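These notes concern the structure reproduced below.
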Amino acid sequence: MRYIDLFCGIGGFRIAINQALKGKNINSKCVFSSDIDPDAQNIYQMNFGEQPAGDITQIEAKNIPDHDILLAGFPCQPFSICGQLKGFEDTRGTLFFDIARILDCKKPNYFILENVKQLVGHNQGKTLQKILEILQQLGYYIQYKVLNALHLGLPQKRERIFIVGYRQPLSFRWEIQNIPMKPLTEILEPQVSAFYYASEKIRNNRLVKYQGKIASEPTIWHENKAGHISAYPYSCALRAGASYNYLLVNGERRLTEREMLRLQGFPDEFKMVASYSTARRLIGNSVPVPCVSRVMNCLLNQDIMNE
């Protein structure tokens, strides 16, 4: 199965689809990848041996290789709360139309798109409706669902919408069963350097604000925009542009690069050689691997129906 990996970031979609296809004894081949971020390109090449193409808006659809499935975690900032919900008014929001022009030209059998949960209610649901209408006009049957990584084994509350399209009618079903959450003890590294620890002032500030009991098991403390502190046995959603101290393990230290990758479901052999700020941004922009794998399995499990 040939696929293309648009807005590929550091390769979460690629890892997930390779896992899903391998599980079905289907050979997979990435025939094209693209991301405008040079740091993401470097990490992607480091792990997959391929340099993604750059700005997709400058690439003609006819020059993209034929493929069976299009994958795209298209930029979510225009539809997110943190991105001020500007939607198509934000230039990044218009990148959806680059997906549409590629689908129109290459007509792959399937696609999987991913975005933030807020897309569902953005502009009273009109933005999502417009996206679905365009995809249907291009000849696709459409299904969508919001999945939470927390319910698929990862100790990270990360809700994302997945939109699936297919050209032939299928008996498509969302066969999504909850998987017990992996405990933080399997995610957190036993020893980390002093670099990751917040200052004494910040740690004391967290303790003063925190109203709950100090748990015996590891927790990740989350500070919301209002300054309220919560502690959970899982992480709130990793974010690309959040404060360094937005999430603190046991209210004391920041997550390491490896811990953030694990929270997104990346394997430990994945290489992340970048500055800490770059790693936080790239991992925060990535996709939870088990969610994509599960969506891909839903697609692979369907029977083609006669029209």
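Letters A, B, ... go to the chains of the structure tokens in the order shown; residues in each chain start at 1; ligands are counted from 1 in the same order.
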
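Within 8 Å of Phe162 in chain A, once only C-alpha atoms are used and residues closer than 3 positions along the same chain are dropped, the contacting residues are Ile112, Leu113, Glu114, Asn115, Tyr144, Lys145, Val146, Leu147 and Val295 of chain A.
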
Considering only C-alpha atoms, give me a table of residues in range 157-194 of chain A that are at most 10 Å from range 239-261 of chain A, with the closest atom pair and distance in Å for each, as CSV.
residue,atom,partner,partner_atom,distance
A:Arg158,CA,A:Arg239,CA,9.9
A:Leu184,CA,A:Glu259,CA,9.4
A:Glu186,CA,A:Glu259,CA,9.5
A:Ile187,CA,A:Glu259,CA,5.8
A:Leu188,CA,A:Glu259,CA,5.8
A:Glu189,CA,A:Glu259,CA,7.0
A:Val192,CA,A:Thr256,CA,7.7
A:Ser193,CA,A:Thr256,CA,9.4
A:Ala194,CA,A:Arg253,CA,8.8

Residues of range 196-238 of chain A classed as helix (DSSP H, G or I) by DSSP on the backbone are to be reported as a ChimeraX atom specification.
/A:196,200-209

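Between Ala279 in chain A and the candidates A:Leu299, A:Ala40, A:Leu170, A:Leu154, the tightest atom-to-atom separation, counting only C-alpha atoms, involves A:Ala40.
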
Could you check the closest approach to Lys213 in chain A for each of A:Ala198, A:Leu152, A:Ile10, A:Ile229 and tell me which residue wins, using only C-alpha atoms?
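Comparing A:Ala198, A:Leu152, A:Ile10, A:Ile229 against Lys213 in chain A, the winner is A:Ile229.
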
Could you pull out the residues in range 112-294 of chain A that DSSP calls strand (DSSP E) from the backbone, as a PyMOL selection string?
chain A and resi 112-116+141-148+156-157+159-166+220-223+229-232+235-236+247-249

Hey, what's within 12 Å of Leu150 in chain A if we count only C-alpha atoms and toss same-chain stuff fewer than 3 positions away? As an mmCIF file with N, CA and C atoms, in the first residue's frame, please?
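Produced file out-v6.cif, reproduced below:
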data_model
loop_
_atom_site.group_PDB
_atom_site.id
_atom_site.type_symbol
_atom_site.label_atom_id
_atom_site.label_comp_id
_atom_site.auth_asym_id
_atom_site.auth_seq_id
_atom_site.Cartn_x
_atom_site.Cartn_y
_atom_site.Cartn_z
ATOM 1 N N LEU A 147 -11.390 10.922 18.997
ATOM 2 C CA LEU A 147 -10.754 9.903 19.823
ATOM 3 C C LEU A 147 -9.872 10.572 20.865
ATOM 4 N N GLY A 153 -4.749 3.694 25.619
ATOM 5 C CA GLY A 153 -3.533 3.179 26.235
ATOM 6 C C GLY A 153 -2.499 4.193 26.659
ATOM 7 N N LEU A 154 -2.586 5.426 26.163
ATOM 8 C CA LEU A 154 -1.570 6.424 26.494
ATOM 9 C C LEU A 154 -1.996 7.249 27.703
ATOM 10 N N PRO A 155 -1.097 7.535 28.626
ATOM 11 C CA PRO A 155 -1.441 8.398 29.761
ATOM 12 C C PRO A 155 -1.351 9.876 29.392
ATOM 13 N N GLN A 156 -2.116 10.250 28.383
ATOM 14 C CA GLN A 156 -2.196 11.648 27.935
ATOM 15 C C GLN A 156 -3.620 11.930 27.466
ATOM 16 N N LYS A 157 -4.246 12.931 28.081
ATOM 17 C CA LYS A 157 -5.585 13.321 27.646
ATOM 18 C C LYS A 157 -5.440 14.187 26.396
ATOM 19 N N ARG A 158 -5.630 13.575 25.267
ATOM 20 C CA ARG A 158 -5.426 14.272 23.986
ATOM 21 C C ARG A 158 -6.574 13.884 23.057
ATOM 22 N N GLU A 159 -7.496 14.795 22.855
ATOM 23 C CA GLU A 159 -8.676 14.522 22.037
ATOM 24 C C GLU A 159 -8.472 15.110 20.638
ATOM 25 N N ARG A 160 -8.677 14.272 19.642
ATOM 26 C CA ARG A 160 -8.475 14.692 18.262
ATOM 27 C C ARG A 160 -9.581 14.135 17.376
ATOM 28 N N GLN A 177 -12.291 0.001 20.896
ATOM 29 C CA GLN A 177 -12.471 -0.446 22.274
ATOM 30 C C GLN A 177 -11.426 0.233 23.161
ATOM 31 N N ASN A 178 -11.861 0.628 24.329
ATOM 32 C CA ASN A 178 -10.928 1.268 25.257
ATOM 33 C C ASN A 178 -9.828 0.299 25.677
ATOM 34 N N ILE A 179 -8.632 0.839 25.788
ATOM 35 C CA ILE A 179 -7.463 0.079 26.236
ATOM 36 C C ILE A 179 -7.020 0.664 27.564
ATOM 37 N N PRO A 180 -6.729 -0.170 28.562
ATOM 38 C CA PRO A 180 -6.278 0.371 29.847
ATOM 39 C C PRO A 180 -5.066 1.290 29.682
ATOM 40 N N MET A 181 -5.081 2.375 30.411
ATOM 41 C CA MET A 181 -4.016 3.366 30.309
ATOM 42 C C MET A 181 -2.710 2.815 30.878
ATOM 43 N N LYS A 182 -1.643 3.019 30.134
ATOM 44 C CA LYS A 182 -0.318 2.667 30.631
ATOM 45 C C LYS A 182 0.014 3.579 31.807
ATOM 46 N N PRO A 183 0.480 3.053 32.931
ATOM 47 C CA PRO A 183 0.780 3.922 34.076
ATOM 48 C C PRO A 183 1.989 4.808 33.803
ATOM 49 N N LEU A 184 2.007 5.944 34.471
ATOM 50 C CA LEU A 184 3.120 6.877 34.296
ATOM 51 C C LEU A 184 4.459 6.246 34.673
ATOM 52 N N TYR A 232 -2.880 14.850 37.985
ATOM 53 C CA TYR A 232 -3.513 13.640 37.471
ATOM 54 C C TYR A 232 -2.475 12.533 37.304
ATOM 55 N N PRO A 233 -2.919 11.277 37.296
ATOM 56 C CA PRO A 233 -1.997 10.172 37.017
ATOM 57 C C PRO A 233 -1.742 10.008 35.515
ATOM 58 N N TYR A 234 -1.941 11.086 34.789
ATOM 59 C CA TYR A 234 -1.691 11.147 33.347
ATOM 60 C C TYR A 234 -1.367 12.590 32.995
ATOM 61 N N SER A 235 -0.962 12.807 31.765
ATOM 62 C CA SER A 235 -0.634 14.155 31.316
ATOM 63 C C SER A 235 -1.821 14.791 30.615
ATOM 64 N N CYS A 236 -2.018 16.079 30.812
ATOM 65 C CA CYS A 236 -2.909 16.817 29.914
ATOM 66 C C CYS A 236 -2.203 16.913 28.552
ATOM 67 N N ALA A 237 -2.905 17.391 27.552
ATOM 68 C CA ALA A 237 -2.372 17.384 26.192
ATOM 69 C C ALA A 237 -1.056 18.147 26.084
ATOM 70 N N LEU A 263 4.652 9.590 25.628
ATOM 71 C CA LEU A 263 3.265 10.025 25.825
ATOM 72 C C LEU A 263 2.502 10.108 24.504
ATOM 73 N N GLN A 264 3.220 10.235 23.401
ATOM 74 C CA GLN A 264 2.594 10.245 22.079
ATOM 75 C C GLN A 264 2.620 8.858 21.422
ATOM 76 N N GLY A 265 3.204 7.868 22.114
ATOM 77 C CA GLY A 265 3.206 6.514 21.578
ATOM 78 C C GLY A 265 4.350 6.199 20.642
ATOM 79 N N PRO A 288 -0.933 11.254 18.277
ATOM 80 C CA PRO A 288 -0.792 10.057 19.100
ATOM 81 C C PRO A 288 -0.836 8.794 18.236
ATOM 82 N N VAL A 289 0.259 8.083 18.214
ATOM 83 C CA VAL A 289 0.422 6.950 17.303
ATOM 84 C C VAL A 289 -0.686 5.903 17.450
ATOM 85 N N PRO A 290 -1.054 5.452 18.663
ATOM 86 C CA PRO A 290 -2.087 4.417 18.769
ATOM 87 C C PRO A 290 -3.436 4.825 18.188
ATOM 88 N N CYS A 291 -3.768 6.114 18.242
ATOM 89 C CA CYS A 291 -5.040 6.575 17.673
ATOM 90 C C CYS A 291 -5.055 6.365 16.163
#

Report the distance between CA of Ala53 in chain A and CA of Gln143 in chain A in Å, rounded to one decimal place.
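For CA of Ala53 in chain A relative to CA of Gln143 in chain A, the distance reads 29.0 Å.
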